[in-house]
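Colleague: Contents of run.cif (mmCIF, C-alpha atoms) are given next:
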data_entry
loop_
_atom_site.label_atom_id
_atom_site.label_comp_id
_atom_site.auth_asym_id
_atom_site.auth_seq_id
_atom_site.Cartn_x
_atom_site.Cartn_y
_atom_site.Cartn_z
CA MET A 1 2.73 4.83 -18.62
CA ALA A 2 4.58 7.57 -16.77
CA ASP A 3 6.33 5.20 -14.38
CA ALA A 4 7.70 3.08 -17.22
CA LEU A 5 9.27 6.25 -18.60
CA VAL A 6 10.83 6.97 -15.20
CA TYR A 7 12.30 3.46 -15.14
CA ARG A 8 13.69 4.04 -18.64
CA ALA A 9 15.26 7.32 -17.55
CA GLU A 10 16.81 5.57 -14.53
CA GLY A 11 18.30 2.91 -16.77
CA ALA A 12 19.59 5.60 -19.13
CA ALA A 13 21.25 7.42 -16.21
CA VAL A 14 23.11 4.23 -15.31
CA ALA A 15 24.04 3.45 -18.92
CA HIS A 16 25.25 6.98 -19.69
CA GLY A 17 26.81 7.78 -16.32
CA THR A 18 24.56 10.78 -15.61
CA GLU A 19 23.13 11.80 -12.24
CA LEU A 20 20.50 9.29 -11.16
CA TYR A 21 18.58 11.46 -8.70
CA GLY A 22 18.90 14.74 -10.56
CA PHE A 23 16.45 14.33 -13.44
CA THR A 24 12.69 14.63 -13.81
CA VAL A 25 10.66 13.24 -16.72
CA THR A 26 7.12 13.43 -18.12
CA ARG A 27 4.86 16.46 -17.75
CA TRP A 28 4.48 15.59 -14.06
CA HIS A 29 8.25 16.10 -13.51
CA LEU A 30 8.71 12.69 -11.91
CA PRO A 31 12.12 11.86 -10.37
CA ALA A 32 13.87 8.57 -9.61
CA THR A 33 12.84 7.26 -6.20
CA TYR A 34 14.06 3.64 -6.03
CA PRO A 35 17.46 2.45 -4.73
CA PRO A 36 20.39 2.35 -7.19
CA PHE A 37 20.05 -1.43 -7.52
CA ALA A 38 16.66 -0.96 -9.16
CA ALA A 39 18.12 1.52 -11.63
CA ILE A 40 20.71 -1.07 -12.66
CA LEU A 41 17.91 -3.55 -13.38
CA PHE A 42 16.17 -0.92 -15.53
CA VAL A 43 19.05 -0.60 -18.00
CA PRO A 44 17.43 -3.06 -20.50
CA THR A 45 14.43 -0.71 -20.78
CA THR A 46 16.70 1.66 -22.72
CA TRP A 47 17.19 -0.91 -25.45
CA LEU A 48 13.62 -0.54 -26.72
CA PRO A 49 11.88 2.37 -28.44
CA VAL A 50 9.27 3.97 -26.17
CA PRO A 51 6.21 2.57 -28.04
CA VAL A 52 7.67 -0.94 -27.91
CA LEU A 53 8.55 -0.50 -24.25
CA LYS A 54 4.98 0.50 -23.43
CA ALA A 55 3.60 -2.48 -25.31
CA ALA A 56 6.03 -4.76 -23.48
CA PHE A 57 4.92 -3.37 -20.11
CA ALA A 58 1.24 -3.83 -21.01
CA VAL A 59 1.65 -7.41 -22.18
CA GLY A 60 4.13 -8.23 -19.43
CA ASN A 61 1.87 -6.96 -16.67
CA ALA A 62 -1.11 -8.87 -18.09
CA LEU A 63 0.98 -12.04 -18.02
CA LEU A 64 2.22 -11.22 -14.53
CA LEU A 65 -1.39 -10.87 -13.38
CA ALA A 66 -2.07 -14.38 -14.68
CA LEU A 67 1.00 -15.59 -12.79
CA LEU A 68 -0.11 -13.77 -9.63
CA VAL A 69 -3.53 -15.42 -9.84
CA ARG A 70 -1.83 -18.81 -10.17
CA LEU A 71 0.53 -18.12 -7.28
CA SER A 72 -2.36 -16.80 -5.18
CA CYS A 73 -4.24 -20.05 -5.73
CA ARG A 74 -1.18 -22.02 -4.66
CA PHE A 75 -0.81 -19.72 -1.65
CA ALA A 76 -4.49 -20.29 -0.76
CA ARG A 77 -4.09 -24.04 -1.43
CA ILE A 78 -6.75 -24.30 -4.07
CA ALA A 79 -6.41 -25.86 -7.53
CA PRO A 80 -8.95 -24.33 -9.93
CA ARG A 81 -9.41 -25.47 -13.49
CA PRO A 82 -7.57 -23.55 -16.27
CA ALA A 83 -10.83 -21.93 -17.38
CA VAL A 84 -11.40 -20.60 -13.87
CA LEU A 85 -7.84 -19.22 -13.72
CA LEU A 86 -8.38 -17.46 -17.04
CA ALA A 87 -11.69 -15.99 -15.87
CA ALA A 88 -10.11 -14.86 -12.60
CA THR A 89 -7.30 -13.16 -14.50
CA ALA A 90 -9.77 -11.33 -16.72
CA ALA A 91 -11.79 -10.26 -13.69
CA GLY A 92 -8.60 -9.15 -11.94
CA LEU A 93 -8.00 -6.53 -14.61
CA TRP A 94 -11.01 -4.65 -13.22
CA LEU A 95 -9.47 -4.32 -9.77
CA GLU A 96 -8.31 -0.71 -9.48
CA PRO A 97 -4.79 -1.46 -8.16
CA VAL A 98 -4.19 -3.91 -11.02
CA PHE A 99 -5.62 -1.56 -13.64
CA GLN A 100 -3.53 1.34 -12.33
CA THR A 101 -0.41 -0.83 -12.44
CA LEU A 102 -1.01 -1.43 -16.15
CA LEU A 103 -1.94 2.21 -16.72
CA PHE A 104 1.25 3.57 -15.13
CA GLY A 105 3.56 0.83 -16.38
CA GLN A 106 4.42 -0.11 -12.80
CA ILE A 107 6.37 -3.08 -11.37
CA ASN A 108 4.02 -3.92 -8.49
CA LEU A 109 2.82 -7.17 -10.04
CA ALA A 110 6.38 -8.32 -10.68
CA LEU A 111 7.43 -7.64 -7.08
CA THR A 112 4.34 -9.29 -5.61
CA CYS A 113 4.88 -12.37 -7.79
CA LEU A 114 8.52 -12.56 -6.70
CA ILE A 115 7.59 -12.31 -3.02
CA LEU A 116 4.67 -14.72 -3.21
CA TRP A 117 6.71 -17.26 -5.21
CA ASP A 118 9.40 -17.17 -2.55
CA LEU A 119 6.95 -17.38 0.35
CA THR A 120 5.06 -20.34 -1.13
CA ARG A 121 8.15 -22.47 -1.61
CA PRO A 122 8.38 -25.43 0.79
CA PRO A 123 10.04 -24.72 4.15
CA GLY A 124 13.77 -25.36 3.98
CA SER A 125 13.97 -24.90 0.21
CA LEU A 126 17.39 -23.86 -1.04
CA GLY A 127 17.70 -20.08 -1.00
CA LYS A 128 14.23 -19.50 0.44
CA GLY A 129 14.10 -15.83 1.40
CA PHE A 130 16.30 -14.76 -1.50
CA GLY A 131 13.35 -13.49 -3.56
CA VAL A 132 12.04 -11.38 -0.69
CA GLY A 133 15.50 -9.89 -0.18
CA ILE A 134 15.78 -8.96 -3.86
CA ALA A 135 12.32 -7.39 -3.78
CA ALA A 136 13.36 -5.36 -0.72
CA GLY A 137 16.43 -4.21 -2.61
CA ILE A 138 14.20 -2.84 -5.35
CA LYS A 139 11.46 -1.19 -3.29
CA LEU A 140 12.41 -1.44 0.43
CA THR A 141 8.94 -2.08 1.92
CA PRO A 142 9.11 -5.88 1.30
CA ALA A 143 11.83 -5.92 3.98
CA LEU A 144 9.00 -6.25 6.52
CA PHE A 145 8.58 -9.85 5.35
CA LEU A 146 12.13 -10.53 6.58
CA LEU A 147 11.17 -9.31 10.03
CA TYR A 148 8.05 -11.50 9.84
CA ALA A 149 10.22 -14.52 9.02
CA LEU A 150 12.45 -13.73 11.98
CA LEU A 151 9.51 -13.31 14.36
CA THR A 152 8.03 -16.64 13.27
CA GLY A 153 11.27 -18.53 13.91
CA ARG A 154 12.40 -18.84 10.29
CA ARG A 155 15.87 -17.55 11.03
CA ARG A 156 17.56 -19.17 8.05
CA GLU A 157 14.98 -17.69 5.69
CA ALA A 158 15.35 -14.26 7.30
CA ALA A 159 19.15 -14.46 7.14
CA THR A 160 19.05 -15.46 3.46
CA GLY A 161 16.75 -12.57 2.65
CA ALA A 162 18.87 -10.12 4.63
CA ALA A 163 21.98 -11.32 2.80
CA ALA A 164 20.26 -10.90 -0.56
CA PHE A 165 19.15 -7.40 0.40
CA ALA A 166 22.67 -6.53 1.54
CA GLY A 167 23.95 -7.84 -1.78
CA THR A 168 21.68 -5.44 -3.68
CA VAL A 169 22.99 -2.55 -1.61
CA LEU A 170 26.59 -3.62 -2.20
CA LEU A 171 26.06 -4.04 -5.95
CA GLY A 172 24.50 -0.59 -6.12
CA ALA A 173 27.45 0.87 -4.21
CA LEU A 174 29.99 -0.81 -6.49
CA VAL A 175 28.31 0.24 -9.75
CA LEU A 176 26.94 3.61 -8.61
CA PRO A 177 28.95 4.76 -5.57
CA GLY A 178 27.89 8.41 -5.80
CA ALA A 179 24.21 7.65 -6.32
CA SER A 180 24.29 5.08 -3.51
CA ALA A 181 25.74 7.57 -1.05
CA ASP A 182 23.16 10.13 -2.18
CA PHE A 183 20.23 7.71 -1.82
CA TRP A 184 21.07 6.10 1.52
CA THR A 185 22.10 9.32 3.25
CA ARG A 186 19.62 11.77 1.73
CA ARG A 187 17.02 10.70 -0.83
CA LEU A 188 15.65 7.85 1.28
CA TYR A 189 14.33 10.34 3.82
CA GLU A 190 12.79 12.76 1.32
CA THR A 191 9.34 11.19 1.22
CA ASP A 192 7.87 14.33 -0.35
CA ARG A 193 10.10 13.57 -3.35
CA VAL A 194 7.84 10.63 -4.17
CA GLY A 195 4.72 12.81 -4.20
CA LYS A 196 2.24 14.62 -1.97
CA ALA A 197 1.37 12.32 0.92
CA TRP A 198 -2.10 13.76 1.46
CA ILE A 199 -3.60 13.18 -2.00
CA VAL A 200 -6.17 10.42 -2.45
CA ASP A 201 -3.69 8.43 -4.52
CA ASN A 202 -1.89 7.67 -1.26
CA GLN A 203 -3.71 4.87 0.55
CA SER A 204 -1.31 4.58 3.48
CA LEU A 205 -1.96 5.63 7.06
CA GLN A 206 -0.16 8.91 6.45
CA GLY A 207 -2.57 9.77 3.65
CA LEU A 208 -5.56 8.72 5.73
CA VAL A 209 -4.47 10.76 8.77
CA ALA A 210 -3.52 13.80 6.69
CA ARG A 211 -6.94 13.91 5.05
CA LEU A 212 -8.74 13.32 8.35
CA LEU A 213 -6.86 16.14 10.07
CA HIS A 214 -6.98 18.40 6.98
CA THR A 215 -3.24 18.97 7.14
CA PRO A 216 -0.48 18.15 4.63
CA ALA A 217 1.90 17.27 7.49
CA PRO A 218 0.25 15.00 10.10
CA GLY A 219 3.65 14.59 11.81
CA VAL A 220 3.60 13.09 15.30
CA VAL A 221 0.00 11.87 15.02
CA TRP A 222 0.80 9.82 11.94
CA VAL A 223 4.02 8.43 13.46
CA ALA A 224 2.19 7.36 16.61
CA VAL A 225 -0.57 5.67 14.61
CA ALA A 226 1.94 3.99 12.29
CA VAL A 227 4.00 2.63 15.20
CA ALA A 228 0.87 1.24 16.87
CA VAL A 229 -0.35 -0.36 13.64
CA ALA A 230 3.11 -1.81 12.89
CA ALA A 231 3.35 -3.35 16.36
CA GLY A 232 -0.19 -4.69 16.24
CA GLY A 233 0.20 -5.98 12.71
CA LEU A 234 3.43 -7.86 13.41
CA TRP A 235 2.01 -9.28 16.65
CA THR A 236 -1.04 -10.53 14.76
CA ALA A 237 1.01 -11.88 11.84
CA ARG A 238 3.30 -13.80 14.21
CA ARG A 239 0.38 -15.59 15.86
CA ALA A 240 -1.77 -16.21 12.77
CA ASP A 241 -1.42 -19.17 10.43
CA ASP A 242 0.94 -18.84 7.49
CA ARG A 243 -1.59 -17.49 4.99
CA TRP A 244 -3.06 -14.78 7.20
CA GLY A 245 0.36 -14.06 8.66
CA VAL A 246 1.68 -13.22 5.20
CA LEU A 247 -1.40 -11.19 4.29
CA VAL A 248 -1.38 -9.19 7.52
CA THR A 249 2.34 -8.50 7.02
CA ALA A 250 1.65 -7.23 3.50
CA LEU A 251 -1.23 -5.04 4.70
CA THR A 252 0.91 -3.71 7.56
CA ALA A 253 3.72 -2.79 5.16
CA LEU A 254 1.25 -0.95 2.93
CA LEU A 255 -0.30 0.87 5.88
CA VAL A 256 2.87 2.05 7.64
CA SER A 257 4.79 3.03 4.50
CA PRO A 258 4.80 6.84 4.20
CA ILE A 259 3.31 6.51 0.72
CA SER A 260 1.39 3.54 -0.69
CA TRP A 261 -0.15 4.57 -3.97
CA SER A 262 -3.38 2.81 -4.86
CA HIS A 263 -1.55 0.61 -7.39
CA HIS A 264 0.66 -0.77 -4.62
CA TRP A 265 -2.37 -2.63 -3.25
CA VAL A 266 -2.20 -5.52 -5.74
CA TRP A 267 -2.01 -7.76 -2.66
CA CYS A 268 -5.80 -7.70 -2.98
CA VAL A 269 -5.42 -10.63 -5.40
CA PRO A 270 -4.00 -13.18 -2.89
CA LEU A 271 -6.33 -11.75 -0.23
CA LEU A 272 -9.34 -12.60 -2.40
CA ALA A 273 -7.92 -16.05 -3.16
CA VAL A 274 -7.64 -16.88 0.55
CA LEU A 275 -11.17 -15.63 1.28
CA VAL A 276 -12.53 -17.80 -1.54
CA ALA A 277 -10.50 -20.81 -0.34
CA GLU A 278 -11.97 -20.46 3.17
CA GLY A 279 -15.51 -20.25 1.85
CA ARG A 280 -15.99 -16.62 2.90
CA SER A 281 -17.89 -15.75 -0.26
CA ALA A 282 -19.74 -12.71 1.09
CA MET A 283 -16.54 -11.19 2.42
CA ALA A 284 -14.73 -11.92 -0.84
CA VAL A 285 -17.46 -10.12 -2.80
CA ALA A 286 -17.30 -7.16 -0.40
CA VAL A 287 -13.50 -6.92 -0.68
CA ALA A 288 -13.62 -7.22 -4.46
CA ALA A 289 -16.23 -4.44 -4.53
CA VAL A 290 -13.97 -2.14 -2.50
CA PHE A 291 -11.08 -2.67 -4.91
CA ALA A 292 -13.24 -2.34 -8.01
CA ALA A 293 -15.44 0.61 -6.98
CA ARG A 294 -12.75 3.33 -7.45
CA THR A 295 -14.41 5.52 -4.80
CA LEU A 296 -11.15 7.40 -4.16
CA TRP A 297 -11.45 8.94 -7.64
CA LEU A 298 -15.07 9.98 -7.09
CA VAL A 299 -14.37 12.49 -4.30
CA PRO A 300 -13.08 16.01 -5.11
CA HIS A 301 -9.31 15.74 -5.51
CA GLU A 302 -8.18 18.50 -7.86
CA GLY A 303 -5.56 20.80 -6.39
CA ASP A 304 -5.73 20.60 -2.60
CA LEU A 305 -9.38 19.54 -2.39
CA ASP A 306 -8.20 16.25 -0.87
CA LEU A 307 -7.45 18.19 2.33
CA HIS A 308 -10.94 19.66 2.62
CA LEU A 309 -13.15 16.59 2.37
CA PRO A 310 -16.15 16.42 4.74
CA TRP A 311 -16.39 13.53 7.20
CA TRP A 312 -18.77 11.50 5.08
CA GLN A 313 -16.36 11.48 2.12
CA GLN A 314 -13.38 10.31 4.19
CA PRO A 315 -14.18 6.57 3.88
CA LEU A 316 -14.57 7.01 0.12
CA ALA A 317 -11.17 8.71 -0.06
CA SER A 318 -9.31 6.04 1.96
CA PRO A 319 -10.96 2.70 1.10
CA TYR A 320 -7.82 0.55 0.99
CA ALA A 321 -6.26 1.88 4.19
CA LEU A 322 -9.52 1.37 6.05
CA LEU A 323 -9.97 -2.11 4.60
CA GLY A 324 -6.42 -3.01 5.61
CA ILE A 325 -7.14 -1.92 9.18
CA VAL A 326 -10.43 -3.82 9.25
CA VAL A 327 -8.95 -7.06 7.88
CA SER A 328 -5.95 -6.97 10.24
CA THR A 329 -8.20 -6.20 13.20
CA ARG A 330 -10.55 -9.03 12.28
CA VAL A 331 -7.65 -11.47 12.15
CA ALA A 332 -6.43 -10.25 15.55
CA ILE A 333 -9.90 -10.66 17.08
CA ARG A 334 -10.26 -14.19 15.74
CA LEU A 335 -6.94 -15.11 17.34
CA ARG A 336 -8.38 -14.54 20.80
CA PRO A 337 -9.54 -17.60 22.77
CA GLY A 338 -13.01 -18.47 21.54
CA GLY A 339 -12.57 -16.31 18.45
CA GLY A 340 -12.98 -19.26 16.13
CA TRP A 341 -9.48 -19.11 14.64
CA PRO A 342 -7.98 -20.64 12.65
CA ARG A 343 -10.17 -22.11 9.96
CA SER A 344 -7.16 -22.69 7.71
CA SER A 345 -4.18 -24.96 8.25
CA PRO A 346 -1.42 -24.10 10.73
CA ARG A 347 1.97 -22.76 9.72
CA PRO A 348 4.38 -25.53 8.69
#
Just give me the structure as structure tokens.

Modeller:
Amino acid sequence: MADALVYRAEGAAVAHGTELYGFTVTRWHLPATYPPFAAILFVPTTWLPVPVLKAAFAVGNALLLALLVRLSCRFARIAPRPAVLLAATAAGLWLEPVFQTLLFGQINLALTCLILWDLTRPPGSLGKGFGVGIAAGIKLTPALFLLYALLTGRRREAATGAAAFAGTVLLGALVLPGASADFWTRRLYETDRVGKAWIVDNQSLQGLVARLLHTPAPGVVWVAVAVAVAAGGLWTARRADDRWGVLVTALTALLVSPISWSHHWVWCVPLLAVLVAEGRSAMAVAVAAVFAARTLWLVPHEGDLDLHLPWWQQPLASPYALLGIVVSTRVAIRLRPGGGWPRSSPRP
């Protein structure tokens, strides 16, 4: 649970007034990478002994998975029996992104639940968009959902989320002025601080392109691909129904982010729920197989071997990025006249 220990160290830096972005912990020398607002939220992790903290993360993430399954069913507009929800939660533990979230003591499930809860609230609900804004204040990439809300005419929701995000920035600046200045002017742009972008752990477009080109710095090629995917993804999300619009936005955020570790892809859970709800059983099985197969860990990846993979191992090394591209492209194709879209209900 290396990431849980990083969170604890971030909370300790806030509590003790030490430099937030100057430490490294664990034998992997991991630094703080989230905005100062997140570090403030991590202060309670310092109140528990490490063994208790790890147990709390394990139990908490298991419960969050159950909540995510429930929210995903609501998002997909299906109402399974309690026994089915329990079985789906147990099966979900075998999905690699979910398992890695538990293994690292990550907060991906918590953020996804917060976002999905907010997005599944009825249109016009008081404060709708607030949850997305808070999630963006913790990990930035959810901010793409605010742009999606704006593009789909939900201006009040987008404004609420933007205000919530701004509030997290302001709170961080008030509590940690030095760390805030450091993060927003410097650390935010040091993507190599998070980790090596070319390793198989990274299932974003940058990781995919770096491994394809056998270079640790894909540079302009990656930027061009990311811009094209971002534009295409947002265009598709704006025209799709609400369920696929949200899913394509999530996949686009994961793809264009400089680094999307495999455990960030817990959005596979609501994706599977929607496929099941639409009766696409074969596709649901195929998607579940991709997220359960762990092919990225089967290819050589010690040292810099990730950069020297032959062509036939490239799909095995980048399964989630490729699946994200395929799903988004399929949605875009079905939006064309005569494409047979949509099978699900229109956006409210």

Colleague: Please evaluate the PyMOL selection byres ((chain A and resi 216) around 12) against the structure above and give the resulting residues as a list in words.

Modeller: Asp192, Gly195, Lys196, Ala197, Trp198, Ile199, Val200, Gln206, Gly207, Leu208, Val209, Ala210, Arg211, Leu212, Leu213, His214, Thr215, Ala217, Pro218, Gly219, Trp222, Asp304, Leu305, Asp306, Leu307 and His308 of chain A

Colleague: Residues near A:Asp182, anyone? I mean within 10 Å using all atoms listed in the file, not counting same-chain ones fewer than 3 positions away, as a ChimeraX atom specification.

Modeller: /A:20-21,35-36,176-179,185-188

Colleague: Emit the selected residues as a tab-separated table (two decimals), keeping the file's coordinate frame, including C-alpha atoms.

Modeller:
chain	number	residue	atom	x	y	z
A	20	LEU	CA	20.50	9.29	-11.16
A	21	TYR	CA	18.58	11.46	-8.70
A	35	PRO	CA	17.46	2.45	-4.73
A	36	PRO	CA	20.39	2.35	-7.19
A	176	LEU	CA	26.94	3.61	-8.61
A	177	PRO	CA	28.95	4.76	-5.57
A	178	GLY	CA	27.89	8.41	-5.80
A	179	ALA	CA	24.21	7.65	-6.32
A	185	THR	CA	22.10	9.32	3.25
A	186	ARG	CA	19.62	11.77	1.73
A	187	ARG	CA	17.02	10.70	-0.83
A	188	LEU	CA	15.65	7.85	1.28

Colleague: Running the PyMOL selection byres ((chain A and resi 162) around 12) on this model by hand, what would come out? Give it as a PyMOL selection string.

Modeller: chain A and resi 127-137+140+142-147+149-150+155-161+163-169

Colleague: Please report the interatomic distance between atom CA of A:Arg330 and atom CA of A:Asp241 in Å with one decimal.

Modeller: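 Spanning atom CA of A:Arg330 to atom CA of A:Asp241 is a straight-line distance of 13.8 Å.
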
Colleague: Rounded to one decimal, what separation in Å do you get between atom CA of A:Ala62 and atom CA of A:Phe104?

Modeller: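 Atom-to-atom, atom CA of A:Ala62 and atom CA of A:Phe104 are spaced 13.0 Å apart.
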
Colleague: Tell me, in Å to one decimal, how far atom CA of A:His301 is from atom CA of A:Thr252.

Modeller: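 Pair atom CA of A:His301 / atom CA of A:Thr252 returns 25.6 Å.
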
Colleague: Expanded to explicit residues, what is the PyMOL selection byres ((chain A and resi 63-70) around 10) for this file, as a PDB file with C-alpha atoms, in the frame of the given file?

Modeller:
ATOM      1  CA  PHE A  57       4.920  -3.370 -20.110  1.00  0.00           C
ATOM      2  CA  ALA A  58       1.240  -3.830 -21.010  1.00  0.00           C
ATOM      3  CA  VAL A  59       1.650  -7.410 -22.180  1.00  0.00           C
ATOM      4  CA  GLY A  60       4.130  -8.230 -19.430  1.00  0.00           C
ATOM      5  CA  ASN A  61       1.870  -6.960 -16.670  1.00  0.00           C
ATOM      6  CA  ALA A  62      -1.110  -8.870 -18.090  1.00  0.00           C
ATOM      7  CA  LEU A  71       0.530 -18.120  -7.280  1.00  0.00           C
ATOM      8  CA  SER A  72      -2.360 -16.800  -5.180  1.00  0.00           C
ATOM      9  CA  CYS A  73      -4.240 -20.050  -5.730  1.00  0.00           C
ATOM     10  CA  ARG A  74      -1.180 -22.020  -4.660  1.00  0.00           C
ATOM     11  CA  PHE A  75      -0.810 -19.720  -1.650  1.00  0.00           C
ATOM     12  CA  ALA A  76      -4.490 -20.290  -0.760  1.00  0.00           C
ATOM     13  CA  ILE A  78      -6.750 -24.300  -4.070  1.00  0.00           C
ATOM     14  CA  ALA A  79      -6.410 -25.860  -7.530  1.00  0.00           C
ATOM     15  CA  PRO A  80      -8.950 -24.330  -9.930  1.00  0.00           C
ATOM     16  CA  PRO A  82      -7.570 -23.550 -16.270  1.00  0.00           C
ATOM     17  CA  LEU A  85      -7.840 -19.220 -13.720  1.00  0.00           C
ATOM     18  CA  LEU A  86      -8.380 -17.460 -17.040  1.00  0.00           C
ATOM     19  CA  ALA A  87     -11.690 -15.990 -15.870  1.00  0.00           C
ATOM     20  CA  ALA A  88     -10.110 -14.860 -12.600  1.00  0.00           C
ATOM     21  CA  THR A  89      -7.300 -13.160 -14.500  1.00  0.00           C
ATOM     22  CA  ALA A  90      -9.770 -11.330 -16.720  1.00  0.00           C
ATOM     23  CA  GLY A  92      -8.600  -9.150 -11.940  1.00  0.00           C
ATOM     24  CA  LEU A  93      -8.000  -6.530 -14.610  1.00  0.00           C
ATOM     25  CA  VAL A  98      -4.190  -3.910 -11.020  1.00  0.00           C
ATOM     26  CA  LEU A 102      -1.010  -1.430 -16.150  1.00  0.00           C
ATOM     27  CA  ILE A 107       6.370  -3.080 -11.370  1.00  0.00           C
ATOM     28  CA  ASN A 108       4.020  -3.920  -8.490  1.00  0.00           C
ATOM     29  CA  LEU A 109       2.820  -7.170 -10.040  1.00  0.00           C
ATOM     30  CA  ALA A 110       6.380  -8.320 -10.680  1.00  0.00           C
ATOM     31  CA  LEU A 111       7.430  -7.640  -7.080  1.00  0.00           C
ATOM     32  CA  THR A 112       4.340  -9.290  -5.610  1.00  0.00           C
ATOM     33  CA  CYS A 113       4.880 -12.370  -7.790  1.00  0.00           C
ATOM     34  CA  LEU A 114       8.520 -12.560  -6.700  1.00  0.00           C
ATOM     35  CA  LEU A 116       4.670 -14.720  -3.210  1.00  0.00           C
ATOM     36  CA  TRP A 117       6.710 -17.260  -5.210  1.00  0.00           C
ATOM     37  CA  VAL A 266      -2.200  -5.520  -5.740  1.00  0.00           C
ATOM     38  CA  TRP A 267      -2.010  -7.760  -2.660  1.00  0.00           C
ATOM     39  CA  VAL A 269      -5.420 -10.630  -5.400  1.00  0.00           C
ATOM     40  CA  PRO A 270      -4.000 -13.180  -2.890  1.00  0.00           C
ATOM     41  CA  LEU A 272      -9.340 -12.600  -2.400  1.00  0.00           C
ATOM     42  CA  ALA A 273      -7.920 -16.050  -3.160  1.00  0.00           C
TER      43      ALA A 273
END

Colleague: Taking into account all atoms listed in the file, which residue in the set A:Ile259, A:Tyr34, A:Ala56, A:Gly105 is nearest to A:Leu5?

Modeller: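 So, comparing all the options, the nearest one is A:Gly105.
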
Colleague: Using all atoms listed in the file, find each residue in stretch 234-272 of chain A having at least one atom no more than 12 Å away from stretch 313-321 of chain A; report its shortest atom-to-atom pair and that distance in Å (one decimal), rows by chain then rising number, as a tab-separated table.

Modeller:
residue	atom	partner	partner_atom	distance
A:Leu251	CA	A:Ala321	CA	8.6
A:Thr252	CA	A:Ala321	CA	9.7
A:Ala253	CA	A:Ala321	CA	11.1
A:Leu254	CA	A:Ala321	CA	8.1
A:Leu255	CA	A:Ala321	CA	6.3
A:Val256	CA	A:Ala321	CA	9.8
A:Ser257	CA	A:Ala321	CA	11.1
A:Ile259	CA	A:Ala321	CA	11.2
A:Ser260	CA	A:Ala321	CA	9.2
A:Trp261	CA	A:Tyr320	CA	10.0
A:Ser262	CA	A:Tyr320	CA	7.7
A:His263	CA	A:Tyr320	CA	10.5
A:His264	CA	A:Tyr320	CA	10.3
A:Trp265	CA	A:Tyr320	CA	7.6
A:Val266	CA	A:Tyr320	CA	10.7
A:Trp267	CA	A:Tyr320	CA	10.8
A:Cys268	CA	A:Tyr320	CA	9.4

Colleague: Kindly indicate which residue among A:Ala4, A:Ala39, A:Val287, A:Leu53 lies nearest to A:Leu271, using all atoms listed in the file for the distances.

Modeller: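 Answer, going by the shortest atom-to-atom distance: A:Val287.
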